[in-house]
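Enquirer: To be precise about what I am sending: the file is called data01.cif and holds mmCIF, C-alpha atoms.
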```cif
data_run
loop_
_atom_site.group_PDB
_atom_site.id
_atom_site.type_symbol
_atom_site.label_atom_id
_atom_site.label_comp_id
_atom_site.auth_asym_id
_atom_site.auth_seq_id
_atom_site.Cartn_x
_atom_site.Cartn_y
_atom_site.Cartn_z
ATOM 1 C CA MET A 1 7.465 -23.156 -38.777
ATOM 2 C CA THR A 2 7.227 -26.834 -37.899
ATOM 3 C CA LEU A 3 6.077 -27.374 -34.345
ATOM 4 C CA ARG A 4 6.494 -30.408 -32.159
ATOM 5 C CA VAL A 5 3.814 -31.233 -29.594
ATOM 6 C CA ILE A 6 5.476 -33.103 -26.731
ATOM 7 C CA PRO A 7 3.234 -35.015 -24.298
ATOM 8 C CA LEU A 8 4.075 -34.765 -20.614
ATOM 9 C CA ALA A 9 2.510 -36.190 -17.463
ATOM 10 C CA ASP A 10 2.031 -34.863 -13.960
ATOM 11 C CA PRO A 11 4.051 -37.210 -11.738
ATOM 12 C CA GLU A 12 1.739 -36.721 -8.739
ATOM 13 C CA PRO A 13 -1.953 -37.403 -9.423
ATOM 14 C CA GLY A 14 -4.353 -35.818 -6.966
ATOM 15 C CA SER A 15 -6.976 -37.621 -4.934
ATOM 16 C CA ALA A 16 -9.806 -36.443 -7.232
ATOM 17 C CA SER A 17 -8.069 -35.977 -10.587
ATOM 18 C CA ARG A 18 -4.960 -36.535 -12.648
ATOM 19 C CA ARG A 19 -3.390 -34.132 -15.100
ATOM 20 C CA LEU A 20 -1.780 -34.491 -18.512
ATOM 21 C CA ALA A 21 0.239 -31.845 -20.313
ATOM 22 C CA TRP A 22 1.588 -30.984 -23.748
ATOM 23 C CA LEU A 23 4.335 -28.584 -24.745
ATOM 24 C CA ALA A 24 4.452 -27.052 -28.217
ATOM 25 C CA ALA A 25 8.047 -26.361 -29.206
ATOM 26 C CA ALA A 26 9.797 -24.866 -32.227
ATOM 27 C CA PRO A 27 12.492 -26.894 -34.017
ATOM 28 C CA ASP A 28 15.153 -25.203 -31.875
ATOM 29 C CA GLY A 29 13.319 -26.285 -28.708
ATOM 30 C CA ALA A 30 11.933 -22.862 -27.847
ATOM 31 C CA PRO A 31 8.523 -23.247 -26.171
ATOM 32 C CA ALA A 32 5.562 -21.749 -28.050
ATOM 33 C CA GLY A 33 2.653 -22.883 -25.910
ATOM 34 C CA SER A 34 1.303 -25.441 -23.489
ATOM 35 C CA ALA A 35 -1.878 -27.325 -22.698
ATOM 36 C CA PHE A 36 -3.049 -28.999 -19.510
ATOM 37 C CA LEU A 37 -5.913 -31.481 -19.343
ATOM 38 C CA ARG A 38 -7.303 -32.369 -15.934
ATOM 39 C CA LEU A 39 -9.140 -35.704 -15.884
ATOM 40 C CA PHE A 40 -11.515 -35.955 -12.932
ATOM 41 C CA THR A 41 -11.479 -39.401 -11.313
ATOM 42 C CA LYS A 42 -14.041 -39.293 -8.493
ATOM 43 C CA ALA A 43 -17.523 -40.782 -8.854
ATOM 44 C CA GLY A 44 -19.956 -38.249 -10.268
ATOM 45 C CA GLN A 45 -17.357 -36.490 -12.415
ATOM 46 C CA GLU A 46 -15.637 -39.286 -14.314
ATOM 47 C CA HIS A 47 -17.121 -37.947 -17.562
ATOM 48 C CA LEU A 48 -15.362 -34.589 -17.213
ATOM 49 C CA ALA A 49 -12.088 -33.068 -18.387
ATOM 50 C CA GLU A 50 -10.893 -29.501 -17.811
ATOM 51 C CA LEU A 51 -8.639 -27.840 -20.375
ATOM 52 C CA GLU A 52 -6.165 -24.948 -20.131
ATOM 53 C CA ILE A 53 -4.240 -23.713 -23.179
ATOM 54 C CA ALA A 54 -1.635 -20.964 -23.161
ATOM 55 C CA VAL A 55 0.153 -19.646 -26.260
ATOM 56 C CA HIS A 56 3.001 -17.142 -26.177
ATOM 57 C CA GLY A 57 1.818 -13.789 -27.520
ATOM 58 C CA ALA A 58 4.420 -13.767 -30.284
ATOM 59 C CA GLU A 59 3.327 -17.227 -31.491
ATOM 60 C CA ARG A 60 -0.421 -16.614 -31.813
ATOM 61 C CA ARG A 61 -2.263 -17.138 -35.114
ATOM 62 C CA ARG A 62 0.316 -19.709 -36.230
ATOM 63 C CA GLY A 63 -1.675 -22.823 -35.368
ATOM 64 C CA VAL A 64 -0.040 -23.453 -31.976
ATOM 65 C CA GLY A 65 -3.290 -23.425 -30.033
ATOM 66 C CA THR A 66 -5.044 -25.598 -32.602
ATOM 67 C CA LEU A 67 -2.347 -28.286 -32.422
ATOM 68 C CA LEU A 68 -2.472 -28.324 -28.633
ATOM 69 C CA LEU A 69 -6.265 -28.449 -28.658
ATOM 70 C CA GLU A 70 -6.293 -31.392 -31.066
ATOM 71 C CA ALA A 71 -3.877 -33.343 -28.885
ATOM 72 C CA ALA A 72 -5.862 -32.687 -25.711
ATOM 73 C CA VAL A 73 -9.280 -33.449 -27.235
ATOM 74 C CA ALA A 74 -8.007 -36.674 -28.792
ATOM 75 C CA THR A 75 -6.794 -37.782 -25.373
ATOM 76 C CA ALA A 76 -10.091 -36.817 -23.726
ATOM 77 C CA ARG A 77 -11.924 -38.997 -26.262
ATOM 78 C CA ALA A 78 -9.517 -41.878 -25.705
ATOM 79 C CA GLU A 79 -10.097 -41.569 -21.956
ATOM 80 C CA GLY A 80 -13.860 -41.921 -22.479
ATOM 81 C CA ARG A 81 -14.754 -38.362 -21.480
ATOM 82 C CA ARG A 82 -17.975 -36.851 -22.784
ATOM 83 C CA THR A 83 -17.320 -33.256 -21.732
ATOM 84 C CA VAL A 84 -14.366 -30.883 -21.942
ATOM 85 C CA VAL A 85 -14.660 -27.490 -20.232
ATOM 86 C CA ALA A 86 -12.382 -24.476 -20.563
ATOM 87 C CA GLN A 87 -12.558 -20.908 -19.280
ATOM 88 C CA ALA A 88 -11.628 -17.641 -20.973
ATOM 89 C CA ALA A 89 -11.755 -13.979 -20.046
ATOM 90 C CA GLN A 90 -14.635 -12.308 -21.848
ATOM 91 C CA ASP A 91 -13.634 -10.717 -25.193
ATOM 92 C CA SER A 92 -10.094 -12.112 -24.950
ATOM 93 C CA PRO A 93 -8.213 -14.012 -27.717
ATOM 94 C CA ALA A 94 -8.971 -17.242 -25.810
ATOM 95 C CA ASP A 95 -12.675 -16.362 -25.810
ATOM 96 C CA ARG A 96 -12.698 -16.052 -29.592
ATOM 97 C CA PHE A 97 -10.466 -19.111 -30.047
ATOM 98 C CA LEU A 98 -12.770 -21.459 -28.141
ATOM 99 C CA ALA A 99 -15.928 -20.104 -29.768
ATOM 100 C CA ALA A 100 -14.437 -20.711 -33.221
ATOM 101 C CA ARG A 101 -13.559 -24.335 -32.486
ATOM 102 C CA GLY A 102 -16.811 -25.905 -31.492
ATOM 103 C CA PHE A 103 -16.967 -24.944 -27.831
ATOM 104 C CA ARG A 104 -20.224 -23.394 -26.668
ATOM 105 C CA PRO A 105 -20.641 -20.904 -23.806
ATOM 106 C CA VAL A 106 -22.406 -22.486 -20.832
ATOM 107 C CA LEU A 107 -21.592 -20.273 -17.832
ATOM 108 C CA SER A 108 -20.873 -16.586 -17.236
ATOM 109 C CA LEU A 109 -18.778 -15.513 -14.260
ATOM 110 C CA THR A 110 -18.016 -12.246 -12.508
ATOM 111 C CA TYR A 111 -14.610 -11.866 -10.852
ATOM 112 C CA ALA A 112 -14.344 -9.346 -8.027
ATOM 113 C CA ARG A 113 -11.774 -8.040 -5.563
ATOM 114 C CA LEU A 114 -11.986 -6.595 -2.064
ATOM 115 C CA ALA A 115 -9.258 -4.121 -1.071
ATOM 116 C CA LEU A 116 -8.637 -5.119 2.537
ATOM 117 C CA ALA A 117 -7.514 -1.692 3.716
ATOM 118 C CA ALA A 118 -10.887 -0.221 2.772
ATOM 119 C CA ALA A 119 -13.058 -3.173 3.838
ATOM 120 C CA ASP A 120 -15.860 -2.459 6.310
ATOM 121 C CA VAL A 121 -17.436 -5.621 7.677
ATOM 122 C CA THR A 122 -18.677 -4.282 11.001
ATOM 123 C CA SER A 123 -22.305 -4.402 9.843
ATOM 124 C CA ALA A 124 -22.063 -8.176 9.418
ATOM 125 C CA LYS A 125 -20.297 -8.814 12.712
ATOM 126 C CA GLU A 126 -23.268 -9.671 14.894
ATOM 127 C CA GLN A 127 -24.902 -13.108 14.827
ATOM 128 C CA PRO A 128 -27.601 -12.933 12.122
ATOM 129 C CA CYS A 129 -30.134 -15.138 13.919
ATOM 130 C CA PRO A 130 -30.353 -17.380 16.965
ATOM 131 C CA GLY A 131 -29.503 -21.038 16.702
ATOM 132 C CA TYR A 132 -26.109 -20.777 15.015
ATOM 133 C CA GLU A 133 -22.493 -20.153 15.978
ATOM 134 C CA LEU A 134 -19.261 -19.796 14.071
ATOM 135 C CA THR A 135 -16.114 -21.859 14.362
ATOM 136 C CA GLU A 136 -12.897 -21.753 12.351
ATOM 137 C CA TRP A 137 -9.731 -23.700 11.686
ATOM 138 C CA ASP A 138 -6.508 -23.607 9.682
ATOM 139 C CA GLY A 139 -5.586 -26.362 7.237
ATOM 140 C CA ILE A 140 -7.189 -29.760 7.812
ATOM 141 C CA VAL A 141 -10.594 -29.825 9.499
ATOM 142 C CA PRO A 142 -10.489 -30.994 13.158
ATOM 143 C CA ASP A 143 -11.344 -34.673 13.631
ATOM 144 C CA GLU A 144 -14.503 -33.954 15.606
ATOM 145 C CA LEU A 145 -15.949 -31.925 12.703
ATOM 146 C CA ALA A 146 -14.525 -33.914 9.796
ATOM 147 C CA GLN A 147 -17.562 -36.036 8.918
ATOM 148 C CA SER A 148 -20.035 -33.212 9.446
ATOM 149 C CA TYR A 149 -17.942 -30.879 7.310
ATOM 150 C CA ALA A 150 -17.680 -33.466 4.533
ATOM 151 C CA ASP A 151 -21.461 -33.920 4.670
ATOM 152 C CA SER A 152 -21.984 -30.155 4.436
ATOM 153 C CA ARG A 153 -20.184 -30.038 1.086
ATOM 154 C CA ARG A 154 -23.466 -31.028 -0.561
ATOM 155 C CA ALA A 155 -24.319 -27.339 -0.124
ATOM 156 C CA MET A 156 -22.388 -26.870 -3.385
ATOM 157 C CA ASP A 157 -24.455 -29.429 -5.322
ATOM 158 C CA ASP A 158 -27.078 -26.912 -6.455
ATOM 159 C CA MET A 159 -24.634 -24.076 -7.040
ATOM 160 C CA PRO A 160 -25.775 -22.279 -10.228
ATOM 161 C CA MET A 161 -23.786 -23.817 -13.091
ATOM 162 C CA GLU A 162 -26.179 -22.774 -15.882
ATOM 163 C CA GLY A 163 -25.582 -25.197 -18.781
ATOM 164 C CA THR A 164 -22.341 -26.783 -17.594
ATOM 165 C CA ASP A 165 -22.184 -30.595 -17.545
ATOM 166 C CA TYR A 166 -20.093 -30.495 -14.387
ATOM 167 C CA GLY A 167 -21.617 -33.499 -12.671
ATOM 168 C CA THR A 168 -21.742 -33.821 -8.905
ATOM 169 C CA ALA A 169 -18.613 -33.745 -6.789
ATOM 170 C CA VAL A 170 -18.872 -36.491 -4.160
ATOM 171 C CA TRP A 171 -17.105 -35.391 -0.971
ATOM 172 C CA ASP A 172 -15.988 -37.624 1.868
ATOM 173 C CA VAL A 173 -13.530 -37.093 4.708
ATOM 174 C CA GLU A 174 -10.655 -38.422 2.609
ATOM 175 C CA ARG A 175 -11.309 -35.865 -0.119
ATOM 176 C CA VAL A 176 -11.701 -32.989 2.342
ATOM 177 C CA VAL A 177 -8.363 -33.847 3.946
ATOM 178 C CA ALA A 178 -6.636 -34.317 0.591
ATOM 179 C CA ALA A 179 -7.824 -30.898 -0.617
ATOM 180 C CA ALA A 180 -6.396 -29.218 2.478
ATOM 181 C CA GLU A 181 -3.120 -31.109 2.092
ATOM 182 C CA ALA A 182 -2.874 -29.995 -1.547
ATOM 183 C CA VAL A 183 -3.124 -26.330 -0.498
ATOM 184 C CA ALA A 184 -0.449 -26.831 2.161
ATOM 185 C CA GLY A 185 1.746 -28.659 -0.348
ATOM 186 C CA ARG A 186 1.768 -25.535 -2.517
ATOM 187 C CA GLY A 187 2.981 -23.502 0.452
ATOM 188 C CA GLU A 188 -0.336 -21.674 0.869
ATOM 189 C CA LEU A 189 -2.555 -21.212 3.929
ATOM 190 C CA LEU A 190 -6.140 -22.497 4.049
ATOM 191 C CA HIS A 191 -8.495 -20.899 6.559
ATOM 192 C CA THR A 192 -12.081 -22.104 6.948
ATOM 193 C CA VAL A 193 -14.981 -20.477 8.792
ATOM 194 C CA ALA A 194 -17.977 -22.729 9.403
ATOM 195 C CA ALA A 195 -21.483 -22.153 10.737
ATOM 196 C CA LEU A 196 -22.720 -24.713 13.269
ATOM 197 C CA ASP A 197 -26.305 -25.544 14.157
ATOM 198 C CA THR A 198 -26.288 -25.132 17.949
ATOM 199 C CA ALA A 199 -29.068 -27.729 18.274
ATOM 200 C CA ASN A 200 -26.759 -30.582 17.275
ATOM 201 C CA GLY A 201 -23.322 -29.066 16.533
ATOM 202 C CA SER A 202 -23.432 -29.995 12.846
ATOM 203 C CA VAL A 203 -21.778 -27.923 10.121
ATOM 204 C CA VAL A 204 -24.427 -26.215 7.993
ATOM 205 C CA GLY A 205 -22.234 -23.831 5.988
ATOM 206 C CA PHE A 206 -18.628 -22.908 5.297
ATOM 207 C CA SER A 207 -16.417 -20.251 3.739
ATOM 208 C CA GLU A 208 -12.891 -21.121 2.606
ATOM 209 C CA LEU A 209 -10.059 -18.662 2.044
ATOM 210 C CA VAL A 210 -6.581 -19.436 0.696
ATOM 211 C CA VAL A 211 -3.780 -16.964 1.453
ATOM 212 C CA PRO A 212 -0.258 -16.905 -0.058
ATOM 213 C CA GLY A 213 2.309 -18.418 2.268
ATOM 214 C CA ASP A 214 4.071 -15.102 2.824
ATOM 215 C CA GLY A 215 0.816 -13.332 3.696
ATOM 216 C CA ARG A 216 1.225 -10.827 0.867
ATOM 217 C CA GLY A 217 -0.556 -10.111 -2.397
ATOM 218 C CA ASP A 218 -4.150 -11.286 -2.739
ATOM 219 C CA GLY A 219 -5.981 -14.169 -1.087
ATOM 220 C CA GLN A 220 -8.531 -16.292 -2.936
ATOM 221 C CA HIS A 221 -11.972 -17.385 -1.748
ATOM 222 C CA TYR A 222 -12.422 -21.054 -2.688
ATOM 223 C CA GLY A 223 -16.045 -21.577 -1.742
ATOM 224 C CA THR A 224 -18.836 -20.192 0.402
ATOM 225 C CA ALA A 225 -22.004 -22.241 0.718
ATOM 226 C CA VAL A 226 -24.919 -22.956 3.042
ATOM 227 C CA LEU A 227 -27.074 -26.086 3.139
ATOM 228 C CA PRO A 228 -30.449 -25.443 1.440
ATOM 229 C CA GLU A 229 -32.474 -25.952 4.610
ATOM 230 C CA HIS A 230 -30.488 -23.210 6.398
ATOM 231 C CA ARG A 231 -30.478 -20.524 3.706
ATOM 232 C CA GLY A 232 -32.119 -17.121 3.858
ATOM 233 C CA ARG A 233 -30.769 -16.295 7.335
ATOM 234 C CA GLY A 234 -27.643 -14.317 6.479
ATOM 235 C CA LEU A 235 -25.187 -17.139 7.190
ATOM 236 C CA ALA A 236 -23.153 -16.716 3.986
ATOM 237 C CA ARG A 237 -22.519 -13.031 4.650
ATOM 238 C CA TRP A 238 -21.800 -13.715 8.325
ATOM 239 C CA MET A 239 -19.186 -16.363 7.528
ATOM 240 C CA LYS A 240 -17.550 -14.402 4.733
ATOM 241 C CA ALA A 241 -17.356 -11.270 6.891
ATOM 242 C CA ALA A 242 -15.698 -13.289 9.657
ATOM 243 C CA SER A 243 -13.215 -14.669 7.121
ATOM 244 C CA ILE A 244 -12.379 -11.147 5.945
ATOM 245 C CA ARG A 245 -11.851 -9.856 9.474
ATOM 246 C CA ARG A 246 -9.608 -12.779 10.359
ATOM 247 C CA ALA A 247 -7.526 -12.314 7.205
ATOM 248 C CA ARG A 248 -6.993 -8.643 8.015
ATOM 249 C CA GLU A 249 -6.015 -9.409 11.616
ATOM 250 C CA ARG A 250 -3.603 -12.224 10.829
ATOM 251 C CA HIS A 251 -2.095 -10.961 7.577
ATOM 252 C CA PRO A 252 -1.599 -7.180 7.818
ATOM 253 C CA GLU A 253 0.392 -7.140 4.563
ATOM 254 C CA LEU A 254 -2.328 -8.902 2.573
ATOM 255 C CA ALA A 255 -3.584 -6.463 -0.060
ATOM 256 C CA GLY A 256 -6.906 -7.924 -1.121
ATOM 257 C CA LEU A 257 -9.238 -10.884 -1.511
ATOM 258 C CA LEU A 258 -10.447 -12.348 -4.811
ATOM 259 C CA THR A 259 -13.684 -14.137 -5.548
ATOM 260 C CA ASP A 260 -15.607 -15.369 -8.588
ATOM 261 C CA THR A 261 -19.332 -15.993 -8.852
ATOM 262 C CA ALA A 262 -21.736 -17.248 -11.507
ATOM 263 C CA ASN A 263 -23.780 -14.371 -12.896
ATOM 264 C CA SER A 264 -26.935 -16.383 -12.183
ATOM 265 C CA ASN A 265 -26.050 -16.675 -8.463
ATOM 266 C CA ALA A 266 -27.845 -13.501 -7.391
ATOM 267 C CA PRO A 267 -27.680 -14.180 -3.610
ATOM 268 C CA MET A 268 -23.878 -14.518 -3.566
ATOM 269 C CA LEU A 269 -23.417 -11.560 -5.897
ATOM 270 C CA ALA A 270 -25.474 -9.531 -3.417
ATOM 271 C CA VAL A 271 -23.316 -10.742 -0.493
ATOM 272 C CA ASN A 272 -20.145 -9.728 -2.314
ATOM 273 C CA GLU A 273 -21.531 -6.304 -3.164
ATOM 274 C CA ALA A 274 -22.665 -5.723 0.429
ATOM 275 C CA LEU A 275 -19.171 -6.581 1.704
ATOM 276 C CA GLY A 276 -17.482 -4.175 -0.701
ATOM 277 C CA TYR A 277 -16.170 -6.441 -3.467
ATOM 278 C CA VAL A 278 -15.649 -4.586 -6.743
ATOM 279 C CA PRO A 279 -15.987 -6.452 -10.085
ATOM 280 C CA THR A 280 -12.717 -6.649 -12.019
ATOM 281 C CA HIS A 281 -13.634 -8.650 -15.132
ATOM 282 C CA LYS A 282 -16.005 -11.197 -16.652
ATOM 283 C CA ALA A 283 -15.231 -14.718 -17.822
ATOM 284 C CA VAL A 284 -16.978 -17.359 -19.885
ATOM 285 C CA GLU A 285 -16.971 -21.098 -19.235
ATOM 286 C CA TYR A 286 -17.001 -23.026 -22.505
ATOM 287 C CA GLN A 287 -17.960 -26.645 -23.062
ATOM 288 C CA LEU A 288 -17.141 -29.116 -25.849
ATOM 289 C CA ASP A 289 -19.496 -32.100 -26.027
ATOM 290 C CA LEU A 290 -17.655 -35.183 -27.188
#
```
How would this structure read if it were set down as structure tokens?
Expert:
Amino acid sequence: MTLRVIPLADPEPGSASRRLAWLAAAPDGAPAGSAFLRLFTKAGQEHLAELEIAVHGAERRRGVGTLLLEAAVATARAEGRRTVVAQAAQDSPADRFLAARGFRPVLSLTYARLALAAADVTSAKEQPCPGYELTEWDGIVPDELAQSYADSRRAMDDMPMEGTDYGTAVWDVERVVAAAEAVAGRGELLHTVAALDTANGSVVGFSELVVPGDGRGDGQHYGTAVLPEHRGRGLARWMKAASIRRARERHPELAGLLTDTANSNAPMLAVNEALGYVPTHKAVEYQLDL
């Protein structure tokens, strides 16, 4: 079978990246697979590209994935990228495909789910220590907290990434706002719980949750982090528990919450376990060094 690989482009680049796409099609036009390459554009990550390849089950082992990979990698090189990352479920066909084509495993992840009906977060309800308070908002951060919240994003800078050449995401108010607008543009709901230092009112930690627009199915935790100088006081569990309670109150038809954590991030794995999250599967982050 002779395949055509058709390049496409995302008509709406994001504030921190732009995306390219390829469609593999049979001579009769029937789609056989696709590839998406996200090119990060913000300072600190301009070396990075993120790859997703999907091949129809009936078309596997016919060279579809290889053709799409070649097209995407060639473009990453032409764009001056030094690193391409891609993720695969452990022991899946994608896992074996990437390993056989020069990608090396650099990060192991555990995916987990909390069934909301059975969740018990009462033990994490009380304030864990004096000197902090919680606040929350929907969508875009309030103006009075915008700069402080953007500054607090550095809490993610030392997130365990094992061997991944991920760079450092530089966050400012513009990027924080754009990220919230992107969630809203997809018709989803972003809810953020933040911990404030009562001494000066600054944001020292946050926990983000994205819920489907109809309030059904499963929500997705986007990030929970605490600034290094405020860790070890139970803030991550406190914020995440508050996020869970709020989701259950506001979205009674929401079935569960999903989260993923690096296997080397023992503190967050412990928080998830304490709150009742149950592992569902493992994944591997692969990296191709160009």
Enquirer: List as a compact mmCIF listing (two decimals) with C-alpha atoms, in the frame of the given file the protein and nucleic acid residues near segment 269-275 of chain A, meaning an atom at most 12 Å away when all atoms listed in the file are counted, but skip any in the same chain fewer than 6 places from it.
Expert:
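Final file, selection.txt:
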```txt
# COMPACT_ATOMS: atom_id res chain seq x y z
CA LEU A 109 -18.78 -15.51 -14.26
CA THR A 110 -18.02 -12.25 -12.51
CA TYR A 111 -14.61 -11.87 -10.85
CA ALA A 112 -14.34 -9.35 -8.03
CA ARG A 113 -11.77 -8.04 -5.56
CA LEU A 114 -11.99 -6.60 -2.06
CA ALA A 115 -9.26 -4.12 -1.07
CA LEU A 116 -8.64 -5.12 2.54
CA ALA A 118 -10.89 -0.22 2.77
CA ALA A 119 -13.06 -3.17 3.84
CA ASP A 120 -15.86 -2.46 6.31
CA VAL A 121 -17.44 -5.62 7.68
CA THR A 122 -18.68 -4.28 11.00
CA SER A 123 -22.30 -4.40 9.84
CA ALA A 124 -22.06 -8.18 9.42
CA LYS A 125 -20.30 -8.81 12.71
CA PRO A 160 -25.78 -22.28 -10.23
CA HIS A 221 -11.97 -17.39 -1.75
CA THR A 224 -18.84 -20.19 0.40
CA ALA A 225 -22.00 -22.24 0.72
CA GLY A 232 -32.12 -17.12 3.86
CA GLY A 234 -27.64 -14.32 6.48
CA LEU A 235 -25.19 -17.14 7.19
CA ALA A 236 -23.15 -16.72 3.99
CA ARG A 237 -22.52 -13.03 4.65
CA TRP A 238 -21.80 -13.72 8.32
CA MET A 239 -19.19 -16.36 7.53
CA LYS A 240 -17.55 -14.40 4.73
CA ALA A 241 -17.36 -11.27 6.89
CA ALA A 242 -15.70 -13.29 9.66
CA SER A 243 -13.22 -14.67 7.12
CA ILE A 244 -12.38 -11.15 5.94
CA ARG A 245 -11.85 -9.86 9.47
CA LEU A 257 -9.24 -10.88 -1.51
CA LEU A 258 -10.45 -12.35 -4.81
CA THR A 259 -13.68 -14.14 -5.55
CA ASP A 260 -15.61 -15.37 -8.59
CA THR A 261 -19.33 -15.99 -8.85
CA ALA A 262 -21.74 -17.25 -11.51
CA ASN A 263 -23.78 -14.37 -12.90
```
Enquirer: Of the candidates A:Asp289, A:Asp218, A:Asp95, A:Asp172, which one gets nearest to Gln147 of chain A if we count only C-alpha atoms?
Expert: A:Asp172
Enquirer: Taking into account only C-alpha atoms, which residue in the set A:Arg77, A:Arg96, A:Arg4, A:Arg104 is nearest to Val64 of chain A?
Expert: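 For Val64 of chain A, the nearest of the given residues is A:Arg4.
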Enquirer: Any idea what the distance is between atom CA of Arg62 of chain A and atom CA of Ala99 of chain A?
Expert: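 According to the coordinates, atom CA of Arg62 of chain A and atom CA of Ala99 of chain A are separated by 17.5 Å.
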Enquirer: Using the chain letters and numbering of this document, enumerate as a list in words the residues selected by the PyMOL selection byres ((chain A and resi 137) around 7).
Expert: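 Applying the expression gives Glu136, Asp138, Gly139, Val141, His191, Thr192 and Val193 of chain A.
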Enquirer: What is the distance, in Å and to one decimal place, between atom CA of Gly167 of chain A and atom CA of Leu67 of chain A?
Expert: 28.1 Å
Enquirer: What is the distance, in Å and to one decimal place, between atom CA of Arg175 of chain A and atom CA of Gln220 of chain A?
Expert: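 A separation of 20.0 Å between them.
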